[in-house]
$ cat entry-v9.pdb   # PDB, C-alpha atoms
ATOM      1  CA  MET A 146     -36.621 -81.177 165.267  1.00  0.00           C
ATOM      2  CA  PRO A 147     -38.704 -78.501 163.555  1.00  0.00           C
ATOM      3  CA  TRP A 148     -41.489 -79.801 161.360  1.00  0.00           C
ATOM      4  CA  GLN A 149     -40.349 -77.681 158.419  1.00  0.00           C
ATOM      5  CA  ILE A 150     -37.444 -80.028 157.714  1.00  0.00           C
ATOM      6  CA  ASP A 151     -39.821 -83.007 157.772  1.00  0.00           C
ATOM      7  CA  MET A 152     -42.049 -81.316 155.218  1.00  0.00           C
ATOM      8  CA  ILE A 153     -39.167 -80.287 152.959  1.00  0.00           C
ATOM      9  CA  VAL A 154     -37.680 -83.800 152.923  1.00  0.00           C
ATOM     10  CA  LEU A 155     -41.137 -85.300 152.334  1.00  0.00           C
ATOM     11  CA  PHE A 156     -41.564 -82.928 149.375  1.00  0.00           C
ATOM     12  CA  PHE A 157     -38.242 -84.186 147.994  1.00  0.00           C
ATOM     13  CA  VAL A 158     -39.448 -87.793 148.371  1.00  0.00           C
ATOM     14  CA  ILE A 159     -42.647 -87.033 146.460  1.00  0.00           C
ATOM     15  CA  LEU A 160     -40.667 -85.189 143.766  1.00  0.00           C
ATOM     16  CA  CYS A 161     -38.383 -88.194 143.281  1.00  0.00           C
ATOM     17  CA  ALA A 162     -41.338 -90.602 143.128  1.00  0.00           C
ATOM     18  CA  VAL A 163     -43.243 -88.540 140.560  1.00  0.00           C
ATOM     19  CA  ALA A 164     -40.105 -88.112 138.445  1.00  0.00           C
ATOM     20  CA  ALA A 165     -39.397 -91.856 138.623  1.00  0.00           C
ATOM     21  CA  ILE A 166     -42.776 -92.809 137.190  1.00  0.00           C
ATOM     22  CA  THR A 167     -42.764 -89.996 134.592  1.00  0.00           C
ATOM     23  CA  VAL A 168     -39.402 -90.630 132.946  1.00  0.00           C
ATOM     24  CA  LYS A 169     -39.386 -92.914 129.886  1.00  0.00           C
ATOM     25  CA  ASP A 170     -35.765 -94.088 130.116  1.00  0.00           C
ATOM     26  CA  LEU A 171     -35.674 -97.110 132.436  1.00  0.00           C
ATOM     27  CA  LEU A 172     -32.065 -96.515 133.487  1.00  0.00           C
ATOM     28  CA  SER A 173     -33.024 -93.001 134.589  1.00  0.00           C
ATOM     29  CA  THR A 174     -35.945 -94.544 136.450  1.00  0.00           C
ATOM     30  CA  ALA A 175     -33.535 -96.812 138.331  1.00  0.00           C
ATOM     31  CA  ILE A 176     -31.381 -93.786 139.211  1.00  0.00           C
ATOM     32  CA  LEU A 177     -34.411 -91.803 140.371  1.00  0.00           C
ATOM     33  CA  PHE A 178     -35.563 -94.758 142.462  1.00  0.00           C
ATOM     34  CA  GLY A 179     -32.122 -94.764 144.105  1.00  0.00           C
ATOM     35  CA  ALA A 180     -32.540 -91.058 144.848  1.00  0.00           C
ATOM     36  CA  TYR A 181     -36.008 -91.804 146.271  1.00  0.00           C
ATOM     37  CA  SER A 182     -34.386 -94.361 148.546  1.00  0.00           C
ATOM     38  CA  PHE A 183     -31.779 -91.790 149.629  1.00  0.00           C
ATOM     39  CA  MET A 184     -34.421 -89.228 150.531  1.00  0.00           C
ATOM     40  CA  MET A 185     -36.536 -91.867 152.287  1.00  0.00           C
ATOM     41  CA  CYS A 186     -33.514 -92.803 154.417  1.00  0.00           C
ATOM     42  CA  LEU A 187     -33.029 -89.143 155.282  1.00  0.00           C
ATOM     43  CA  LEU A 188     -36.730 -88.848 156.158  1.00  0.00           C
ATOM     44  CA  TRP A 189     -36.557 -91.845 158.522  1.00  0.00           C
ATOM     45  CA  ALA A 190     -33.487 -90.330 160.186  1.00  0.00           C
ATOM     46  CA  VAL A 191     -35.113 -86.906 160.566  1.00  0.00           C
ATOM     47  CA  MET A 192     -38.229 -88.497 162.079  1.00  0.00           C
ATOM     48  CA  GLY A 193     -36.085 -90.313 164.636  1.00  0.00           C
ATOM     49  CA  ALA A 194     -36.268 -93.922 163.397  1.00  0.00           C
ATOM     50  CA  VAL A 195     -32.538 -94.524 163.229  1.00  0.00           C
ATOM     51  CA  ASP A 196     -32.630 -98.312 162.808  1.00  0.00           C
ATOM     52  CA  VAL A 197     -35.109 -98.079 159.934  1.00  0.00           C
ATOM     53  CA  ALA A 198     -32.867 -95.467 158.308  1.00  0.00           C
ATOM     54  CA  PHE A 199     -29.920 -97.840 158.739  1.00  0.00           C
ATOM     55  CA  THR A 200     -31.765-100.673 156.976  1.00  0.00           C
ATOM     56  CA  GLU A 201     -33.032 -98.357 154.243  1.00  0.00           C
ATOM     57  CA  ALA A 202     -29.490 -97.097 153.638  1.00  0.00           C
ATOM     58  CA  SER A 203     -28.017-100.571 153.343  1.00  0.00           C
ATOM     59  CA  VAL A 204     -30.831-102.182 151.318  1.00  0.00           C
ATOM     60  CA  GLY A 205     -32.195 -99.292 149.265  1.00  0.00           C
ATOM     61  CA  ALA A 206     -28.998 -97.507 148.359  1.00  0.00           C
ATOM     62  CA  GLY A 207     -26.737-100.528 148.040  1.00  0.00           C
ATOM     63  CA  VAL A 208     -28.559-103.606 146.856  1.00  0.00           C
ATOM     64  CA  SER A 209     -31.761-102.516 145.137  1.00  0.00           C
ATOM     65  CA  THR A 210     -30.113 -99.997 142.777  1.00  0.00           C
ATOM     66  CA  VAL A 211     -27.600-102.624 141.669  1.00  0.00           C
ATOM     67  CA  PHE A 212     -30.381-105.176 141.094  1.00  0.00           C
ATOM     68  CA  PHE A 213     -32.465-102.699 139.113  1.00  0.00           C
ATOM     69  CA  VAL A 214     -29.518-101.733 136.934  1.00  0.00           C
ATOM     70  CA  ALA A 215     -28.669-105.405 136.324  1.00  0.00           C
ATOM     71  CA  ALA A 216     -32.304-106.096 135.378  1.00  0.00           C
ATOM     72  CA  VAL A 217     -32.350-103.126 132.966  1.00  0.00           C
ATOM     73  CA  PHE A 218     -29.093-104.342 131.438  1.00  0.00           C
ATOM     74  CA  ARG A 219     -30.503-107.846 130.831  1.00  0.00           C
ATOM     75  CA  THR A 220     -33.751-106.491 129.318  1.00  0.00           C
ATOM     76  CA  SER A 221     -34.776-103.411 127.336  1.00  0.00           C
ATOM     77  CA  ARG A 222     -33.840 -99.872 128.270  1.00  0.00           C
ATOM     78  CA  ARG A 223     -36.878 -98.092 126.800  1.00  0.00           C
ATOM     79  CA  THR A 224     -40.462 -98.437 127.931  1.00  0.00           C
ATOM     80  CA  LYS A 225     -43.039 -99.514 125.400  1.00  0.00           C
ATOM     81  CA  ASP A 226     -45.931 -97.364 126.660  1.00  0.00           C
TER
ATOM     82  CA  MET B 342     -22.057 -61.292 172.670  1.00  0.00           C
ATOM     83  CA  MET B 343     -22.987 -64.721 171.392  1.00  0.00           C
ATOM     84  CA  THR B 344     -22.375 -67.691 173.622  1.00  0.00           C
ATOM     85  CA  GLY B 345     -20.958 -70.911 172.285  1.00  0.00           C
ATOM     86  CA  GLU B 346     -24.285 -72.743 172.423  1.00  0.00           C
ATOM     87  CA  THR B 347     -26.208 -70.142 170.454  1.00  0.00           C
ATOM     88  CA  PHE B 348     -23.429 -69.910 167.887  1.00  0.00           C
ATOM     89  CA  LEU B 349     -23.476 -73.695 167.445  1.00  0.00           C
ATOM     90  CA  SER B 350     -27.249 -73.780 167.037  1.00  0.00           C
ATOM     91  CA  VAL B 351     -27.204 -70.907 164.516  1.00  0.00           C
ATOM     92  CA  ALA B 352     -24.397 -72.566 162.579  1.00  0.00           C
ATOM     93  CA  VAL B 353     -26.191 -75.920 162.536  1.00  0.00           C
ATOM     94  CA  GLN B 354     -29.406 -74.353 161.290  1.00  0.00           C
ATOM     95  CA  ALA B 355     -27.549 -72.394 158.606  1.00  0.00           C
ATOM     96  CA  ALA B 356     -25.766 -75.571 157.498  1.00  0.00           C
ATOM     97  CA  MET B 357     -29.071 -77.445 157.308  1.00  0.00           C
ATOM     98  CA  GLY B 358     -30.590 -74.676 155.193  1.00  0.00           C
ATOM     99  CA  MET B 359     -27.648 -74.615 152.822  1.00  0.00           C
ATOM    100  CA  LEU B 360     -27.656 -78.401 152.458  1.00  0.00           C
ATOM    101  CA  LEU B 361     -31.389 -78.335 151.694  1.00  0.00           C
ATOM    102  CA  VAL B 362     -30.829 -75.653 149.028  1.00  0.00           C
ATOM    103  CA  GLY B 363     -28.096 -77.841 147.538  1.00  0.00           C
ATOM    104  CA  MET B 364     -30.486 -80.792 147.535  1.00  0.00           C
ATOM    105  CA  VAL B 365     -33.075 -78.706 145.663  1.00  0.00           C
ATOM    106  CA  MET B 366     -30.548 -77.940 142.934  1.00  0.00           C
ATOM    107  CA  VAL B 367     -29.373 -81.539 142.714  1.00  0.00           C
ATOM    108  CA  LEU B 368     -32.957 -82.826 142.519  1.00  0.00           C
ATOM    109  CA  PHE B 369     -33.670 -80.349 139.724  1.00  0.00           C
ATOM    110  CA  ARG B 370     -30.789 -81.772 137.715  1.00  0.00           C
ATOM    111  CA  LEU B 371     -31.889 -85.299 138.654  1.00  0.00           C
ATOM    112  CA  ALA B 372     -35.428 -84.760 137.408  1.00  0.00           C
ATOM    113  CA  LYS B 373     -34.544 -82.729 134.296  1.00  0.00           C
ATOM    114  CA  GLY B 374     -31.081 -84.034 133.337  1.00  0.00           C
ATOM    115  CA  PRO B 375     -31.111 -84.879 129.638  1.00  0.00           C
ATOM    116  CA  GLY B 376     -28.772 -87.867 129.780  1.00  0.00           C
ATOM    117  CA  ALA B 377     -28.232 -90.775 132.136  1.00  0.00           C
ATOM    118  CA  ALA B 378     -24.707 -89.570 132.954  1.00  0.00           C
ATOM    119  CA  ASP B 379     -26.070 -86.294 134.380  1.00  0.00           C
ATOM    120  CA  ARG B 380     -28.400 -88.268 136.612  1.00  0.00           C
ATOM    121  CA  VAL B 381     -25.602 -90.570 137.805  1.00  0.00           C
ATOM    122  CA  ILE B 382     -23.457 -87.581 138.794  1.00  0.00           C
ATOM    123  CA  ALA B 383     -26.449 -85.938 140.484  1.00  0.00           C
ATOM    124  CA  MET B 384     -27.186 -89.090 142.490  1.00  0.00           C
ATOM    125  CA  ASP B 385     -23.564 -89.334 143.633  1.00  0.00           C
ATOM    126  CA  LEU B 386     -23.665 -85.695 144.736  1.00  0.00           C
ATOM    127  CA  LEU B 387     -27.002 -86.307 146.462  1.00  0.00           C
ATOM    128  CA  SER B 388     -25.482 -89.143 148.498  1.00  0.00           C
ATOM    129  CA  VAL B 389     -22.708 -86.806 149.661  1.00  0.00           C
ATOM    130  CA  LEU B 390     -25.298 -84.183 150.647  1.00  0.00           C
ATOM    131  CA  VAL B 391     -27.377 -86.740 152.550  1.00  0.00           C
ATOM    132  CA  VAL B 392     -24.319 -87.926 154.491  1.00  0.00           C
ATOM    133  CA  ALA B 393     -23.458 -84.315 155.373  1.00  0.00           C
ATOM    134  CA  PHE B 394     -27.054 -83.695 156.463  1.00  0.00           C
ATOM    135  CA  LEU B 395     -27.010 -86.766 158.713  1.00  0.00           C
ATOM    136  CA  VAL B 396     -23.781 -85.580 160.357  1.00  0.00           C
ATOM    137  CA  VAL B 397     -25.262 -82.119 160.953  1.00  0.00           C
ATOM    138  CA  LEU B 398     -28.370 -83.807 162.358  1.00  0.00           C
ATOM    139  CA  SER B 399     -26.229 -85.796 164.771  1.00  0.00           C
ATOM    140  CA  ILE B 400     -24.621 -82.540 165.968  1.00  0.00           C
ATOM    141  CA  HIS B 401     -28.056 -80.954 166.334  1.00  0.00           C
ATOM    142  CA  THR B 402     -29.670 -83.765 168.326  1.00  0.00           C
ATOM    143  CA  ARG B 403     -26.444 -84.820 170.136  1.00  0.00           C
ATOM    144  CA  LYS B 404     -27.125 -88.474 169.340  1.00  0.00           C
ATOM    145  CA  THR B 405     -24.246 -90.539 167.998  1.00  0.00           C
ATOM    146  CA  SER B 406     -26.549 -93.107 166.399  1.00  0.00           C
ATOM    147  CA  TYR B 407     -27.089 -90.773 163.418  1.00  0.00           C
ATOM    148  CA  MET B 408     -23.342 -90.956 162.841  1.00  0.00           C
ATOM    149  CA  ASP B 409     -23.584 -94.741 162.443  1.00  0.00           C
ATOM    150  CA  VAL B 410     -26.243 -94.282 159.759  1.00  0.00           C
ATOM    151  CA  ALA B 411     -24.012 -91.741 157.995  1.00  0.00           C
ATOM    152  CA  ILE B 412     -21.010 -94.098 158.096  1.00  0.00           C
ATOM    153  CA  ALA B 413     -22.979 -97.093 156.765  1.00  0.00           C
ATOM    154  CA  TYR B 414     -24.497 -94.859 154.116  1.00  0.00           C
ATOM    155  CA  ALA B 415     -21.138 -93.499 152.953  1.00  0.00           C
ATOM    156  CA  CYS B 416     -19.731 -97.033 152.820  1.00  0.00           C
ATOM    157  CA  ILE B 417     -22.569 -98.334 150.639  1.00  0.00           C
ATOM    158  CA  ALA B 418     -23.609 -95.366 148.482  1.00  0.00           C
ATOM    159  CA  PHE B 419     -20.788 -95.831 145.964  1.00  0.00           C
ATOM    160  CA  LEU B 420     -22.084 -99.279 144.928  1.00  0.00           C
ATOM    161  CA  GLY B 421     -25.018 -97.899 142.981  1.00  0.00           C
ATOM    162  CA  THR B 422     -22.812 -95.352 141.205  1.00  0.00           C
ATOM    163  CA  ILE B 423     -20.321 -98.053 140.230  1.00  0.00           C
ATOM    164  CA  ALA B 424     -23.084-100.325 138.894  1.00  0.00           C
ATOM    165  CA  LEU B 425     -24.530 -97.477 136.805  1.00  0.00           C
ATOM    166  CA  VAL B 426     -21.125 -96.455 135.464  1.00  0.00           C
ATOM    167  CA  ARG B 427     -20.357-100.062 134.506  1.00  0.00           C
ATOM    168  CA  PHE B 428     -23.710-100.210 132.707  1.00  0.00           C
ATOM    169  CA  ILE B 429     -23.019 -97.042 130.730  1.00  0.00           C
ATOM    170  CA  HIS B 430     -19.478 -98.216 129.920  1.00  0.00           C
ATOM    171  CA  ARG B 431     -20.677-101.606 128.674  1.00  0.00           C
ATOM    172  CA  ALA B 432     -23.414 -99.998 126.580  1.00  0.00           C
ATOM    173  CA  SER B 433     -20.866 -97.674 124.929  1.00  0.00           C
ATOM    174  CA  VAL B 434     -18.495-100.604 124.294  1.00  0.00           C
ATOM    175  CA  GLN B 435     -21.300-102.573 122.669  1.00  0.00           C
ATOM    176  CA  LYS B 436     -22.179 -99.567 120.510  1.00  0.00           C
ATOM    177  CA  GLN B 437     -18.524 -99.290 119.390  1.00  0.00           C
ATOM    178  CA  LEU B 438     -18.432-102.998 118.569  1.00  0.00           C
ATOM    179  CA  ARG B 439     -21.579-102.650 116.489  1.00  0.00           C
ATOM    180  CA  GLN B 440     -20.026 -99.706 114.613  1.00  0.00           C
ATOM    181  CA  LYS B 441     -16.833-101.746 114.016  1.00  0.00           C
ATOM    182  CA  GLN B 442     -18.895-104.591 112.600  1.00  0.00           C
ATOM    183  CA  LYS B 443     -20.563-102.108 110.285  1.00  0.00           C
ATOM    184  CA  THR B 444     -17.278-100.514 109.083  1.00  0.00           C
ATOM    185  CA  PRO B 445     -15.856-103.595 107.216  1.00  0.00           C
ATOM    186  CA  ALA B 446     -18.843-103.337 104.910  1.00  0.00           C
ATOM    187  CA  ARG B 447     -17.572 -99.963 103.678  1.00  0.00           C
ATOM    188  CA  PRO B 448     -14.263-101.057 101.979  1.00  0.00           C
ATOM    189  CA  LEU B 449     -16.076-103.666  99.895  1.00  0.00           C
ATOM    190  CA  PRO B 450     -17.640-101.136  97.478  1.00  0.00           C
ATOM    191  CA  ASP B 451     -14.169 -99.542  97.140  1.00  0.00           C
ATOM    192  CA  HIS B 452     -12.679-102.903  96.123  1.00  0.00           C
ATOM    193  CA  SER B 453     -15.429-103.426  93.630  1.00  0.00           C
ATOM    194  CA  GLY B 454     -14.768 -99.937  92.293  1.00  0.00           C
ATOM    195  CA  GLU B 455     -11.064-100.753  91.844  1.00  0.00           C
ATOM    196  CA  LYS B 456     -11.967-103.941  90.053  1.00  0.00           C
ATOM    197  CA  ASN B 457     -14.200-101.974  87.727  1.00  0.00           C
ATOM    198  CA  HIS B 458     -11.289 -99.619  87.001  1.00  0.00           C
ATOM    199  CA  ASP B 459      -9.039-102.561  86.211  1.00  0.00           C
TER
END
$ encode --input "entry-v9.pdb" --output "structure tokens"
Amino acid sequence: MPWQIDMIVLFFVILCAVAAITVKDLLSTAILFGAYSFMMCLLWAVMGAVDVAFTEASVGAGVSTVFFVAAVFRTSRRTKD
Amino acid sequence: MMTGETFLSVAVQAAMGMLLVGMVMVLFRLAKGPGAADRVIAMDLLSVLVVAFLVVLSIHTRKTSYMDVAIAYACIAFLGTIALVRFIHRASVQKQLRQKQKTPARPLPDHSGEKNHD
């Protein structure tokens, strides 16, 4: 696998992470964290760790986004800072 | 004349490039998108692109284990979208209920006005 694809996917991961901590809307932060998890899964798969990518896909994409959204729904949607 | 192998490798690399360009556009909308609905749609589209990229990767490396990741991913990726859509739906329903609770307050001044006319 050429290293360019690794670097491009890693750039996407960093973009998602920076956007997730910059955005003020907490629901958008949950969505961006889900996208971060997607790109992280893709990065594991590109680097050859298929089982880690499998776990990341099932936990990060499925469960953690739902938990974050449920937590945002039970609490406030805007950040105070 | 191109052989089958070279054509497959060129096609796989072109597909990877196009999927990465699509991911760039989707991530732009994801980072900039003014509303939460734009971001939900962008995340759903991103999951489709990631699944397609994993399938292309499995063709490129000739390993079937990438296909398992893609299948598990496609089975699970809709859960987050459904949770977010339910959240947005419930928030809009609550907003409508709040507006309905506000609206009965409006006819009361009208009644008082009629009484004043009488």
$ atom_distance --input "entry-v9.pdb" --atom1 "atom CA of Phe156 of chain A" --atom2 "atom CA of Ile412 of chain B"
25.0 Å
$ interface_residues --input "entry-v9.pdb" --of "chain A" --to "chain B" --cutoff "7 Å" --atoms "only C-alpha atoms" --output "VMD selection string"
chain A and resid 164 173 176 180 183 187 195 198 to 199 202 to 203 206 to 207 210 to 211 214 218
$ write_last_selection --input "entry-v9.pdb" --atoms "C-alpha atoms" --output "PDB file, keeping the file's coordinate frame"
ATOM      1  CA  ALA A 164     -40.105 -88.112 138.445  1.00  0.00           C
ATOM      2  CA  SER A 173     -33.024 -93.001 134.589  1.00  0.00           C
ATOM      3  CA  ILE A 176     -31.381 -93.786 139.211  1.00  0.00           C
ATOM      4  CA  ALA A 180     -32.540 -91.058 144.848  1.00  0.00           C
ATOM      5  CA  PHE A 183     -31.779 -91.790 149.629  1.00  0.00           C
ATOM      6  CA  LEU A 187     -33.029 -89.143 155.282  1.00  0.00           C
ATOM      7  CA  VAL A 195     -32.538 -94.524 163.229  1.00  0.00           C
ATOM      8  CA  ALA A 198     -32.867 -95.467 158.308  1.00  0.00           C
ATOM      9  CA  PHE A 199     -29.920 -97.840 158.739  1.00  0.00           C
ATOM     10  CA  ALA A 202     -29.490 -97.097 153.638  1.00  0.00           C
ATOM     11  CA  SER A 203     -28.017-100.571 153.343  1.00  0.00           C
ATOM     12  CA  ALA A 206     -28.998 -97.507 148.359  1.00  0.00           C
ATOM     13  CA  GLY A 207     -26.737-100.528 148.040  1.00  0.00           C
ATOM     14  CA  THR A 210     -30.113 -99.997 142.777  1.00  0.00           C
ATOM     15  CA  VAL A 211     -27.600-102.624 141.669  1.00  0.00           C
ATOM     16  CA  VAL A 214     -29.518-101.733 136.934  1.00  0.00           C
ATOM     17  CA  PHE A 218     -29.093-104.342 131.438  1.00  0.00           C
TER      18      PHE A 218
END
$ atom_distance --input "entry-v9.pdb" --atom1 "atom CA of Gln149 of chain A" --atom2 "atom CA of Met184 of chain A"
15.2 Å
$ atom_distance --input "entry-v9.pdb" --atom1 "atom CA of Leu390 of chain B" --atom2 "atom CA of Leu360 of chain B"
6.5 Å
$ closest_residue --input "entry-v9.pdb" --among "B:Val367, B:Ala393, B:Ile400, B:Ile382" --to "Leu160 of chain A" --atoms "only C-alpha atoms"
B:Val367
$ resolve_selection --input "entry-v9.pdb" --expression "the PyMOL selection byres ((chain A and resi 165) around 9)" --output "list in words"
Leu160, Cys161, Ala162, Val163, Ala164, Ile166, Thr167, Val168, Lys169, Leu171, Ser173, Thr174, Ala175, Ile176, Leu177, Phe178 and Tyr181 of chain A; Ala372 of chain B
$ axis_aligned_box --input "entry-v9.pdb" --around "segment 169-186 of chain A" --padding-each-side "5 Å" --output "JSON"
{"center_x": -35.4, "center_y": -93.2, "center_z": 142.2, "size_x": 18.0, "size_y": 17.9, "size_z": 34.5}
$ resolve_selection --input "entry-v9.pdb" --expression "the PyMOL selection byres ((chain A and resi 222-226) around 7)" --output "list of chain:residue names"
A:Lys169, A:Asp170, A:Leu171, A:Leu172, A:Val217, A:Thr220, A:Ser221
